[in-house]
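The file my_file23.csv comes next; it holds CSV, C-alpha atoms.
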chain,number,residue,atom,x,y,z
B,1339,MET,CA,-2.2,-6.7,-25.1
B,1340,THR,CA,-2.5,-8.6,-21.8
B,1341,LYS,CA,-5.9,-9.0,-20.3
B,1342,LEU,CA,-6.9,-9.1,-16.6
B,1343,LYS,CA,-6.6,-12.6,-15.2
B,1344,GLU,CA,-8.6,-14.0,-12.3
B,1345,LEU,CA,-7.4,-16.6,-9.8
B,1346,GLU,CA,-9.5,-18.3,-7.2
B,1347,VAL,CA,-8.2,-18.6,-3.6
B,1348,VAL,CA,-10.0,-20.8,-1.1
B,1349,SER,CA,-9.4,-19.9,2.5
B,1350,GLU,CA,-10.0,-22.5,5.3
B,1351,LYS,CA,-9.9,-20.3,8.4
B,1352,ARG,CA,-11.3,-16.9,9.5
B,1353,VAL,CA,-7.9,-15.4,9.4
B,1354,GLN,CA,-5.3,-17.0,7.1
B,1355,PHE,CA,-2.4,-15.9,4.9
B,1356,VAL,CA,-2.4,-18.0,1.7
B,1357,ASP,CA,0.9,-18.0,-0.3
B,1358,ILE,CA,0.0,-17.3,-3.9
B,1359,THR,CA,3.6,-16.6,-5.2
B,1360,SER,CA,3.8,-19.7,-7.5
B,1361,ARG,CA,0.4,-18.9,-9.0
B,1362,ILE,CA,1.4,-15.3,-9.8
B,1363,ARG,CA,4.7,-16.6,-11.2
B,1364,GLU,CA,2.7,-18.9,-13.6
B,1365,GLN,CA,0.6,-15.9,-14.8
B,1366,VAL,CA,3.7,-13.9,-15.5
B,1367,ALA,CA,5.5,-16.7,-17.3
B,1368,GLY,CA,2.4,-17.3,-19.5
B,1369,SER,CA,1.8,-13.6,-20.3
B,1370,GLY,CA,4.7,-13.2,-22.7
B,1371,VAL,CA,5.7,-9.9,-21.0
B,1372,GLY,CA,9.5,-9.5,-20.7
B,1373,GLU,CA,9.9,-6.3,-18.7
B,1374,GLY,CA,7.2,-4.7,-16.7
B,1375,VAL,CA,5.1,-4.9,-13.6
B,1376,ALA,CA,2.6,-7.5,-12.3
B,1377,TYR,CA,-0.4,-5.8,-10.5
B,1378,ILE,CA,-2.2,-7.9,-8.0
B,1379,PHE,CA,-5.6,-6.7,-6.8
B,1380,VAL,CA,-8.0,-8.2,-4.3
B,1381,PRO,CA,-11.6,-7.4,-5.2
B,1382,HIS,CA,-12.9,-7.9,-1.6
B,1383,THR,CA,-13.3,-5.6,1.4
B,1384,THR,CA,-12.4,-8.1,4.1
B,1385,ALA,CA,-9.2,-9.5,2.5
B,1386,ALA,CA,-6.0,-8.0,1.3
B,1387,VAL,CA,-2.6,-8.8,-0.3
B,1388,THR,CA,0.9,-8.3,1.2
B,1389,VAL,CA,4.5,-9.3,0.5
B,1390,ASN,CA,6.5,-10.8,3.3
B,1391,GLU,CA,8.7,-13.7,4.3
B,1392,GLY,CA,7.6,-16.9,2.4
B,1393,ALA,CA,10.2,-19.3,3.9
B,1394,ASP,CA,9.2,-19.4,7.6
B,1395,PRO,CA,5.4,-19.6,8.2
B,1396,THR,CA,5.8,-18.2,11.7
B,1397,VAL,CA,6.3,-14.7,10.2
B,1398,ALA,CA,2.8,-14.8,8.7
B,1399,ARG,CA,1.5,-16.0,12.0
B,1400,ASP,CA,3.2,-13.1,13.8
B,1401,ILE,CA,1.7,-10.6,11.4
B,1402,MET,CA,-1.8,-12.1,11.9
B,1403,ALA,CA,-1.4,-12.1,15.7
B,1404,ALA,CA,-0.2,-8.5,15.7
B,1405,LEU,CA,-3.2,-7.3,13.6
B,1406,GLU,CA,-5.5,-9.2,16.0
B,1407,ARG,CA,-4.0,-7.5,18.9
B,1408,LEU,CA,-4.2,-4.0,17.3
B,1409,VAL,CA,-7.7,-4.6,15.9
B,1410,PRO,CA,-9.6,-7.2,18.0
B,1411,ARG,CA,-12.5,-9.0,16.5
B,1412,ASP,CA,-14.7,-7.9,19.3
B,1413,GLY,CA,-14.7,-4.1,19.7
B,1414,ASP,CA,-16.9,-1.1,19.8
B,1415,TYR,CA,-17.8,-1.1,16.1
B,1416,ARG,CA,-20.7,0.4,14.2
B,1417,HIS,CA,-20.8,-1.9,11.2
B,1418,GLY,CA,-23.4,-4.5,12.1
B,1419,GLU,CA,-22.0,-7.6,10.4
B,1420,GLY,CA,-19.5,-8.6,13.1
B,1421,ASN,CA,-16.6,-8.3,10.7
B,1422,SER,CA,-15.5,-4.7,11.2
B,1423,ASP,CA,-12.1,-5.9,12.3
B,1424,ALA,CA,-11.7,-7.6,8.9
B,1425,HIS,CA,-12.4,-4.4,7.0
B,1426,ILE,CA,-9.9,-2.4,9.1
B,1427,LYS,CA,-7.2,-5.1,8.7
B,1428,ALA,CA,-7.8,-5.1,5.0
B,1429,SER,CA,-7.1,-1.4,4.7
B,1430,LEU,CA,-4.0,-1.6,6.9
B,1431,MET,CA,-2.5,-4.3,4.6
B,1432,GLY,CA,-3.9,-2.9,1.4
B,1433,SER,CA,-5.9,-4.3,-1.5
B,1434,SER,CA,-3.3,-3.9,-4.3
B,1435,LEU,CA,0.4,-4.2,-4.9
B,1436,ALA,CA,2.9,-4.2,-7.8
B,1437,VAL,CA,5.8,-6.6,-8.3
B,1438,PRO,CA,8.4,-6.2,-11.0
B,1439,VAL,CA,8.7,-8.4,-14.0
B,1440,SER,CA,12.1,-8.8,-15.7
B,1441,GLY,CA,13.5,-11.3,-18.1
B,1442,GLY,CA,10.0,-12.8,-18.5
B,1443,ASN,CA,9.8,-13.7,-14.8
B,1444,LEU,CA,8.3,-12.3,-11.6
B,1445,VAL,CA,11.2,-10.9,-9.6
B,1446,LEU,CA,11.1,-11.0,-5.8
B,1447,GLY,CA,13.7,-10.7,-3.1
B,1448,THR,CA,15.2,-14.0,-1.8
B,1449,TRP,CA,12.9,-14.4,1.1
B,1450,GLN,CA,9.8,-12.8,-0.3
B,1451,GLY,CA,6.4,-14.4,-1.0
B,1452,ILE,CA,3.1,-12.9,-2.0
B,1453,PHE,CA,0.3,-13.6,0.5
B,1454,PHE,CA,-3.5,-13.4,0.0
B,1455,CYS,CA,-4.6,-12.1,3.4
B,1456,GLU,CA,-8.0,-13.6,4.5
B,1457,PHE,CA,-9.6,-11.8,7.4
B,1458,ASP,CA,-13.2,-13.0,7.3
B,1459,GLY,CA,-13.0,-16.6,6.0
B,1460,PRO,CA,-13.4,-19.4,5.3
B,1461,ARG,CA,-14.5,-18.3,1.8
B,1462,ARG,CA,-14.0,-18.7,-1.9
B,1463,ARG,CA,-12.1,-15.5,-3.0
B,1464,LYS,CA,-10.7,-14.0,-6.1
B,1465,VAL,CA,-7.4,-12.3,-7.0
B,1466,TRP,CA,-7.0,-10.3,-10.1
B,1467,VAL,CA,-3.7,-10.0,-11.9
B,1468,SER,CA,-2.8,-7.5,-14.6
B,1469,ILE,CA,0.6,-7.7,-16.2
B,1470,GLN,CA,1.9,-4.5,-17.8
B,1471,ALA,CA,4.8,-4.3,-20.2
B,1472,SER,CA,7.2,-1.4,-20.0
B,1473,GLY,CA,6.5,1.0,-22.8
X,404,MET,CA,-0.7,8.6,-24.6
X,405,THR,CA,-2.7,9.3,-21.5
X,406,LYS,CA,-1.7,12.2,-19.4
X,407,LEU,CA,-1.9,12.7,-15.6
X,408,LYS,CA,-5.3,13.9,-14.5
X,409,GLU,CA,-6.0,16.0,-11.4
X,410,LEU,CA,-9.2,15.9,-9.4
X,411,GLU,CA,-10.1,18.3,-6.6
X,412,VAL,CA,-11.6,16.8,-3.4
X,413,VAL,CA,-13.0,19.1,-0.7
X,414,SER,CA,-13.1,17.7,2.8
X,415,GLU,CA,-15.4,19.1,5.5
X,416,LYS,CA,-14.1,17.5,8.7
X,417,ARG,CA,-10.7,16.9,10.2
X,418,VAL,CA,-11.0,13.2,9.5
X,419,GLN,CA,-13.3,12.1,6.7
X,420,PHE,CA,-13.4,9.3,4.1
X,421,VAL,CA,-14.7,10.8,0.8
X,422,ASP,CA,-16.0,8.2,-1.8
X,423,ILE,CA,-14.3,9.1,-5.1
X,424,THR,CA,-15.2,6.0,-7.0
X,425,SER,CA,-17.6,7.6,-9.5
X,426,ARG,CA,-15.0,10.3,-10.3
X,427,ILE,CA,-12.3,7.7,-11.0
X,428,ARG,CA,-14.8,5.8,-13.1
X,429,GLU,CA,-15.4,8.9,-15.2
X,430,GLN,CA,-11.7,9.4,-15.7
X,431,VAL,CA,-11.2,5.8,-16.9
X,432,ALA,CA,-14.2,5.9,-19.2
X,433,GLY,CA,-12.9,9.1,-20.8
X,434,SER,CA,-9.4,7.9,-21.2
X,435,GLY,CA,-10.0,5.5,-24.1
X,436,VAL,CA,-7.9,2.8,-22.4
X,437,GLY,CA,-9.5,-0.7,-22.8
X,438,GLU,CA,-7.2,-2.9,-20.7
X,439,GLY,CA,-4.8,-1.6,-18.1
X,440,VAL,CA,-4.5,-0.1,-14.6
X,441,ALA,CA,-5.7,3.1,-13.1
X,442,TYR,CA,-3.1,4.6,-10.6
X,443,ILE,CA,-4.4,6.9,-7.9
X,444,PHE,CA,-2.0,9.0,-6.1
X,445,VAL,CA,-2.6,11.5,-3.3
X,446,PRO,CA,0.0,14.4,-3.3
X,447,HIS,CA,-0.4,15.2,0.3
X,448,THR,CA,1.3,14.0,3.5
X,449,THR,CA,-1.7,14.1,5.8
X,450,ALA,CA,-4.2,12.3,3.5
X,451,ALA,CA,-4.3,8.9,1.8
X,452,VAL,CA,-6.3,6.6,-0.4
X,453,THR,CA,-7.8,3.2,0.4
X,454,VAL,CA,-10.2,0.7,-1.1
X,455,ASN,CA,-12.9,-0.6,1.2
X,456,GLU,CA,-16.7,-1.1,1.5
X,457,GLY,CA,-18.6,1.6,-0.4
X,458,ALA,CA,-22.2,0.4,0.4
X,459,ASP,CA,-22.4,0.8,4.2
X,460,PRO,CA,-20.8,4.0,5.6
X,461,THR,CA,-20.4,2.5,9.0
X,462,VAL,CA,-17.4,0.6,7.6
X,463,ALA,CA,-15.5,3.8,6.9
X,464,ARG,CA,-16.4,5.2,10.3
X,465,ASP,CA,-15.1,2.0,12.0
X,466,ILE,CA,-11.8,2.4,10.1
X,467,MET,CA,-11.5,6.0,11.1
X,468,ALA,CA,-12.3,5.2,14.7
X,469,ALA,CA,-9.7,2.3,14.8
X,470,LEU,CA,-7.0,4.6,13.4
X,471,GLU,CA,-7.8,7.2,16.0
X,472,ARG,CA,-7.6,4.6,18.8
X,473,LEU,CA,-4.2,3.3,17.4
X,474,VAL,CA,-2.8,6.8,16.7
X,475,PRO,CA,-4.5,9.4,18.9
X,476,ARG,CA,-4.4,13.0,17.8
X,477,ASP,CA,-2.8,14.0,21.1
X,478,GLY,CA,0.3,12.0,21.9
X,479,ASP,CA,4.0,12.4,22.6
X,480,TYR,CA,5.0,13.6,19.1
X,481,ARG,CA,8.0,15.6,18.0
X,482,HIS,CA,6.5,17.3,14.9
X,483,GLY,CA,5.3,20.7,16.0
X,484,GLU,CA,2.3,21.3,13.9
X,485,GLY,CA,-0.2,19.3,15.9
X,486,ASN,CA,-1.0,16.9,13.1
X,487,SER,CA,1.6,14.1,13.6
X,488,ASP,CA,-1.2,11.6,13.9
X,489,ALA,CA,-2.4,12.6,10.4
X,490,HIS,CA,1.0,11.9,8.9
X,491,ILE,CA,1.2,8.5,10.6
X,492,LYS,CA,-2.3,7.5,9.5
X,493,ALA,CA,-1.5,8.6,6.0
X,494,SER,CA,1.5,6.2,5.8
X,495,LEU,CA,-0.6,3.4,7.4
X,496,MET,CA,-3.3,3.7,4.7
X,497,GLY,CA,-0.9,4.6,1.9
X,498,SER,CA,-0.7,7.4,-0.7
X,499,SER,CA,-1.1,5.3,-3.9
X,500,LEU,CA,-3.0,2.4,-5.2
X,501,ALA,CA,-3.8,0.6,-8.5
X,502,VAL,CA,-7.2,-0.5,-9.7
X,503,PRO,CA,-7.6,-2.7,-12.8
X,504,VAL,CA,-9.2,-1.4,-16.0
X,505,SER,CA,-10.9,-3.9,-18.3
X,506,GLY,CA,-13.4,-3.5,-21.2
X,507,GLY,CA,-12.8,0.2,-21.0
X,508,ASN,CA,-14.1,0.4,-17.4
X,509,LEU,CA,-12.7,0.6,-13.9
X,510,VAL,CA,-13.2,-2.8,-12.3
X,511,LEU,CA,-13.8,-3.2,-8.6
X,512,GLY,CA,-15.3,-6.0,-6.4
X,513,THR,CA,-19.0,-5.8,-5.8
X,514,TRP,CA,-18.8,-4.0,-2.4
X,515,GLN,CA,-15.7,-2.0,-3.1
X,516,GLY,CA,-15.4,1.8,-3.3
X,517,ILE,CA,-12.3,4.1,-3.5
X,518,PHE,CA,-11.9,6.5,-0.6
X,519,PHE,CA,-9.9,9.7,-0.3
X,520,CYS,CA,-8.8,9.6,3.4
X,521,GLU,CA,-8.6,13.1,4.9
X,522,PHE,CA,-6.8,13.1,8.2
X,523,ASP,CA,-6.1,16.8,8.7
X,524,GLY,CA,-9.1,18.7,7.2
X,525,PRO,CA,-11.2,20.5,6.3
X,526,ARG,CA,-9.2,21.4,3.2
X,527,ARG,CA,-9.2,21.6,-0.5
X,528,ARG,CA,-7.1,18.6,-1.7
X,529,LYS,CA,-6.0,17.0,-5.0
X,530,VAL,CA,-6.0,13.5,-6.3
X,531,TRP,CA,-3.9,12.5,-9.3
X,532,VAL,CA,-5.0,9.7,-11.7
X,533,SER,CA,-2.8,8.0,-14.3
X,534,ILE,CA,-4.3,5.4,-16.5
X,535,GLN,CA,-1.9,3.0,-18.1
X,536,ALA,CA,-2.8,0.7,-21.0
X,537,SER,CA,-1.5,-2.8,-21.0
X,538,GLY,CA,1.4,-3.1,-23.5
K,918,MET,CA,11.7,-0.4,-23.3
K,919,THR,CA,12.8,0.6,-19.8
K,920,LYS,CA,14.5,-2.1,-17.7
K,921,LEU,CA,14.3,-2.7,-14.0
K,922,LYS,CA,16.9,-0.5,-12.1
K,923,GLU,CA,18.5,-1.4,-8.8
K,924,LEU,CA,19.7,1.2,-6.2
K,925,GLU,CA,21.7,0.4,-3.1
K,926,VAL,CA,20.6,1.9,0.2
K,927,VAL,CA,22.8,1.7,3.3
K,928,SER,CA,21.1,2.0,6.6
K,929,GLU,CA,23.0,2.9,9.8
K,930,LYS,CA,20.5,2.2,12.5
K,931,ARG,CA,18.1,-0.6,13.3
K,932,VAL,CA,15.1,1.6,12.5
K,933,GLN,CA,15.7,4.4,10.0
K,934,PHE,CA,13.8,6.2,7.3
K,935,VAL,CA,16.2,7.1,4.4
K,936,ASP,CA,15.0,9.8,2.0
K,937,ILE,CA,15.5,8.4,-1.5
K,938,THR,CA,13.6,11.0,-3.4
K,939,SER,CA,16.5,12.5,-5.3
K,940,ARG,CA,17.7,9.1,-6.4
K,941,ILE,CA,14.3,8.2,-7.8
K,942,ARG,CA,14.1,11.5,-9.5
K,943,GLU,CA,17.5,10.8,-11.3
K,944,GLN,CA,16.2,7.4,-12.4
K,945,VAL,CA,13.1,9.0,-13.9
K,946,ALA,CA,15.0,11.8,-15.6
K,947,GLY,CA,17.4,9.3,-17.1
K,948,SER,CA,14.7,6.9,-18.3
K,949,GLY,CA,13.4,9.0,-21.3
K,950,VAL,CA,9.8,8.3,-20.1
K,951,GLY,CA,7.6,11.4,-20.5
K,952,GLU,CA,4.3,10.3,-19.1
K,953,GLY,CA,3.8,7.3,-16.9
K,954,VAL,CA,4.4,5.9,-13.5
K,955,ALA,CA,7.5,5.0,-11.4
K,956,TYR,CA,7.2,1.8,-9.4
K,957,ILE,CA,9.3,1.4,-6.4
K,958,PHE,CA,9.7,-2.0,-4.9
K,959,VAL,CA,11.7,-3.1,-1.8
K,960,PRO,CA,12.9,-6.7,-2.2
K,961,HIS,CA,13.3,-7.3,1.6
K,962,THR,CA,10.9,-8.6,4.2
K,963,THR,CA,12.0,-6.3,7.1
K,964,ALA,CA,12.1,-3.0,5.1
K,965,ALA,CA,9.4,-1.1,3.3
K,966,VAL,CA,8.8,2.1,1.3
K,967,THR,CA,6.5,5.0,2.1
K,968,VAL,CA,5.7,8.6,1.0
K,969,ASN,CA,5.4,11.2,3.6
K,970,GLU,CA,6.8,14.7,4.6
K,971,GLY,CA,10.3,15.2,3.4
K,972,ALA,CA,10.9,18.7,4.7
K,973,ASP,CA,10.7,18.2,8.5
K,974,PRO,CA,12.6,15.1,9.8
K,975,THR,CA,10.5,15.0,12.9
K,976,VAL,CA,7.6,13.5,10.9
K,977,ALA,CA,9.6,10.4,10.0
K,978,ARG,CA,10.7,10.2,13.6
K,979,ASP,CA,7.0,10.3,14.8
K,980,ILE,CA,6.1,7.6,12.3
K,981,MET,CA,8.9,5.3,13.5
K,982,ALA,CA,8.0,6.0,17.2
K,983,ALA,CA,4.3,5.2,16.5
K,984,LEU,CA,5.2,1.9,14.8
K,985,GLU,CA,7.5,1.0,17.7
K,986,ARG,CA,4.6,1.7,20.2
K,987,LEU,CA,2.1,-0.3,18.1
K,988,VAL,CA,4.5,-3.2,17.3
K,989,PRO,CA,7.2,-3.4,20.0
K,990,ARG,CA,10.5,-5.1,19.3
K,991,ASP,CA,10.0,-7.4,22.2
K,992,GLY,CA,6.7,-9.2,22.2
K,993,ASP,CA,5.2,-12.6,22.2
K,994,TYR,CA,6.3,-13.6,18.7
K,995,ARG,CA,6.8,-17.1,17.2
K,996,HIS,CA,9.4,-16.2,14.6
K,997,GLY,CA,12.8,-17.1,16.2
K,998,GLU,CA,15.1,-14.4,14.7
K,999,GLY,CA,14.2,-11.5,17.0
K,1000,ASN,CA,13.0,-9.4,14.2
K,1001,SER,CA,9.3,-10.2,14.0
K,1002,ASP,CA,8.4,-6.6,14.7
K,1003,ALA,CA,10.4,-5.6,11.6
K,1004,HIS,CA,8.4,-8.0,9.4
K,1005,ILE,CA,5.1,-6.7,10.8
K,1006,LYS,CA,6.1,-3.0,10.3
K,1007,ALA,CA,7.2,-3.8,6.8
K,1008,SER,CA,3.7,-5.1,5.9
K,1009,LEU,CA,2.0,-2.2,7.6
K,1010,MET,CA,4.0,0.3,5.5
K,1011,GLY,CA,4.1,-1.8,2.3
K,1012,SER,CA,6.8,-3.0,0.0
K,1013,SER,CA,5.8,-1.2,-3.2
K,1014,LEU,CA,4.4,2.1,-4.3
K,1015,ALA,CA,3.7,4.0,-7.5
K,1016,VAL,CA,4.5,7.7,-8.1
K,1017,PRO,CA,3.4,9.6,-11.3
K,1018,VAL,CA,5.8,10.7,-14.0
K,1019,SER,CA,4.8,13.7,-16.1
K,1020,GLY,CA,6.8,16.0,-18.4
K,1021,GLY,CA,9.7,13.7,-18.0
K,1022,ASN,CA,9.9,14.2,-14.3
K,1023,LEU,CA,8.8,12.4,-11.1
K,1024,VAL,CA,5.9,14.4,-9.7
K,1025,LEU,CA,5.2,14.6,-6.0
K,1026,GLY,CA,3.2,16.9,-3.8
K,1027,THR,CA,5.0,20.0,-2.4
K,1028,TRP,CA,5.9,18.4,1.0
K,1029,GLN,CA,6.3,14.8,-0.1
K,1030,GLY,CA,9.4,12.7,-0.1
K,1031,ILE,CA,9.9,9.0,-0.7
K,1032,PHE,CA,11.4,7.1,2.2
K,1033,PHE,CA,13.1,3.7,2.3
K,1034,CYS,CA,12.0,2.3,5.7
K,1035,GLU,CA,14.6,0.2,7.5
K,1036,PHE,CA,13.2,-1.8,10.3
K,1037,ASP,CA,16.1,-4.3,10.9
K,1038,GLY,CA,19.3,-2.5,10.1
K,1039,PRO,CA,22.0,-1.5,9.9
K,1040,ARG,CA,22.3,-3.2,6.5
K,1041,ARG,CA,23.1,-2.9,2.8
K,1042,ARG,CA,19.7,-2.9,1.1
K,1043,LYS,CA,18.3,-2.7,-2.4
K,1044,VAL,CA,15.5,-0.8,-4.0
K,1045,TRP,CA,14.1,-1.7,-7.4
K,1046,VAL,CA,12.7,0.9,-9.7
K,1047,SER,CA,10.6,0.2,-12.8
K,1048,ILE,CA,9.4,3.2,-14.9
K,1049,GLN,CA,6.4,2.5,-17.1
K,1050,ALA,CA,5.3,4.8,-20.0
K,1051,SER,CA,1.6,5.5,-20.5
K,1052,GLY,CA,0.4,3.5,-23.5
Can you give me the file's structure in the form of structure tokens?
Amino acid sequence: MTKLKELEVVSEKRVQFVDITSRIREQVAGSGVGEGVAYIFVPHTTAAVTVNEGADPTVARDIMAALERLVPRDGDYRHGEGNSDAHIKASLMGSSLAVPVSGGNLVLGTWQGIFFCEFDGPRRRKVWVSIQASG
Amino acid sequence: MTKLKELEVVSEKRVQFVDITSRIREQVAGSGVGEGVAYIFVPHTTAAVTVNEGADPTVARDIMAALERLVPRDGDYRHGEGNSDAHIKASLMGSSLAVPVSGGNLVLGTWQGIFFCEFDGPRRRKVWVSIQASG
Amino acid sequence: MTKLKELEVVSEKRVQFVDITSRIREQVAGSGVGEGVAYIFVPHTTAAVTVNEGADPTVARDIMAALERLVPRDGDYRHGEGNSDAHIKASLMGSSLAVPVSGGNLVLGTWQGIFFCEFDGPRRRKVWVSIQASG
């Protein structure tokens, strides 16, 4: 029986994609699960998680810039905390994802990395990881 | 062995975010699963599911308004049913998500709620919930 | 114990939604899993997976056109490979999703299909499928 694990992620900017791939890999390797799925869940409403290119950091920058263009920080929002854009971007990227586990390891495509998406930092954040074995 | 559960959600407007958190909590509490993941799936093509702030309803309103601005109801669409925007918004938000289960309860961040996203209501809709125990 | 399965998808255009529903159904039917969840994961950074209407192909076309309008191929991008838009669209649609399995079959809503979303084709691509039984 694997239990829910909690990682801490510290962001240093308002909007920042933090590569957490190696930390998820460690959790999977330490779980003893051979075949299954690693679930990654962000318990915040102004942050998210996505999979995209991990090799070239300009890709993450282009995603952040596109989201800023589509959902500007300053806009005609009702929510009074000045971070409505961060909530909207969080739902566009999504708060959970699943990555396969096989042979005891996290398996990703060649160029893929897992990114914690900060949209209202800098903050101390949490990421939850649940590793499920195939039945 | 847990079976797939079906909830009914009734929307009252064309576009509406319905907070289903307490109903998902009940399903998890009644499932007998201690550690695992709750999968939420929307079996419709003009509705979706997302996690975002549950405390202040202006956040959901800002997300709906941003989606309407990005994907207006009236546009140059090919699909002839007048609800192309609803299909597009559904794919942007996503039709499935996973939320951790721990200690026999659904676990969410402090401010998080689970929202059924109606984009072509009012309608009677379904939400499917599958609760998986960690192996 | 079910193992991770790999499907090949061949895209023929730069941007194309390929309906992979029947292929996922086959994987589920052959897995021996009665109740559970099928996880679909795209191991590429310029492709994604989404669930939307499978009956009328104009819906997929409208989604592709809306994404092209929101994230044009030519823009002020930093990534030097000319496919930044494809990376951004991939994160907007998402690289993984979960579909319920019940009674030994994949279960979807009446109008739903599962689409491999190519954003930088034509290419030979892979889709990974992991089928988890409820505990």
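Nearest to Phe958 of chain K of all the residues K:Ile941, K:Ala946, K:Leu1009, K:Ile980 is K:Ile941, based on all atoms listed in the file.
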**Request:** Please report as number ranges by chain which residues of chain K come no farther than 9 Å from chain B, using only C-alpha atoms.
**Result:** K: 918-921, 950, 956-963, 987-988, 993-997, 1001-1002, 1004-1015, 1045-1052
**Message:** Env of Arg428 of chain X: 10 Å cut, atoms = all atoms listed in the file, seq-sep filter 5 positions within chain, self excluded. Answer as a list of chain:residue names.
**Reply:**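 So the residues in contact are X:Ile423, X:Gly433, X:Ser434, X:Ala441, X:Val504, X:Gly507, X:Asn508, X:Leu509, X:Val510.
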**Asked** Could you work out how far atom CA of Arg527 of chain X lies from atom CA of Arg476 of chain X, giving the answer in Å with one decimal?
**Response**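 Between these atoms lies a distance of 20.8 Å.
Of the residues listed (B:Gln1354, B:Thr1359, B:Ser1349, B:Asn1421), B:Thr1359 shows the shortest atom-to-atom separation from Ala1393 of chain B; distances use only C-alpha atoms.
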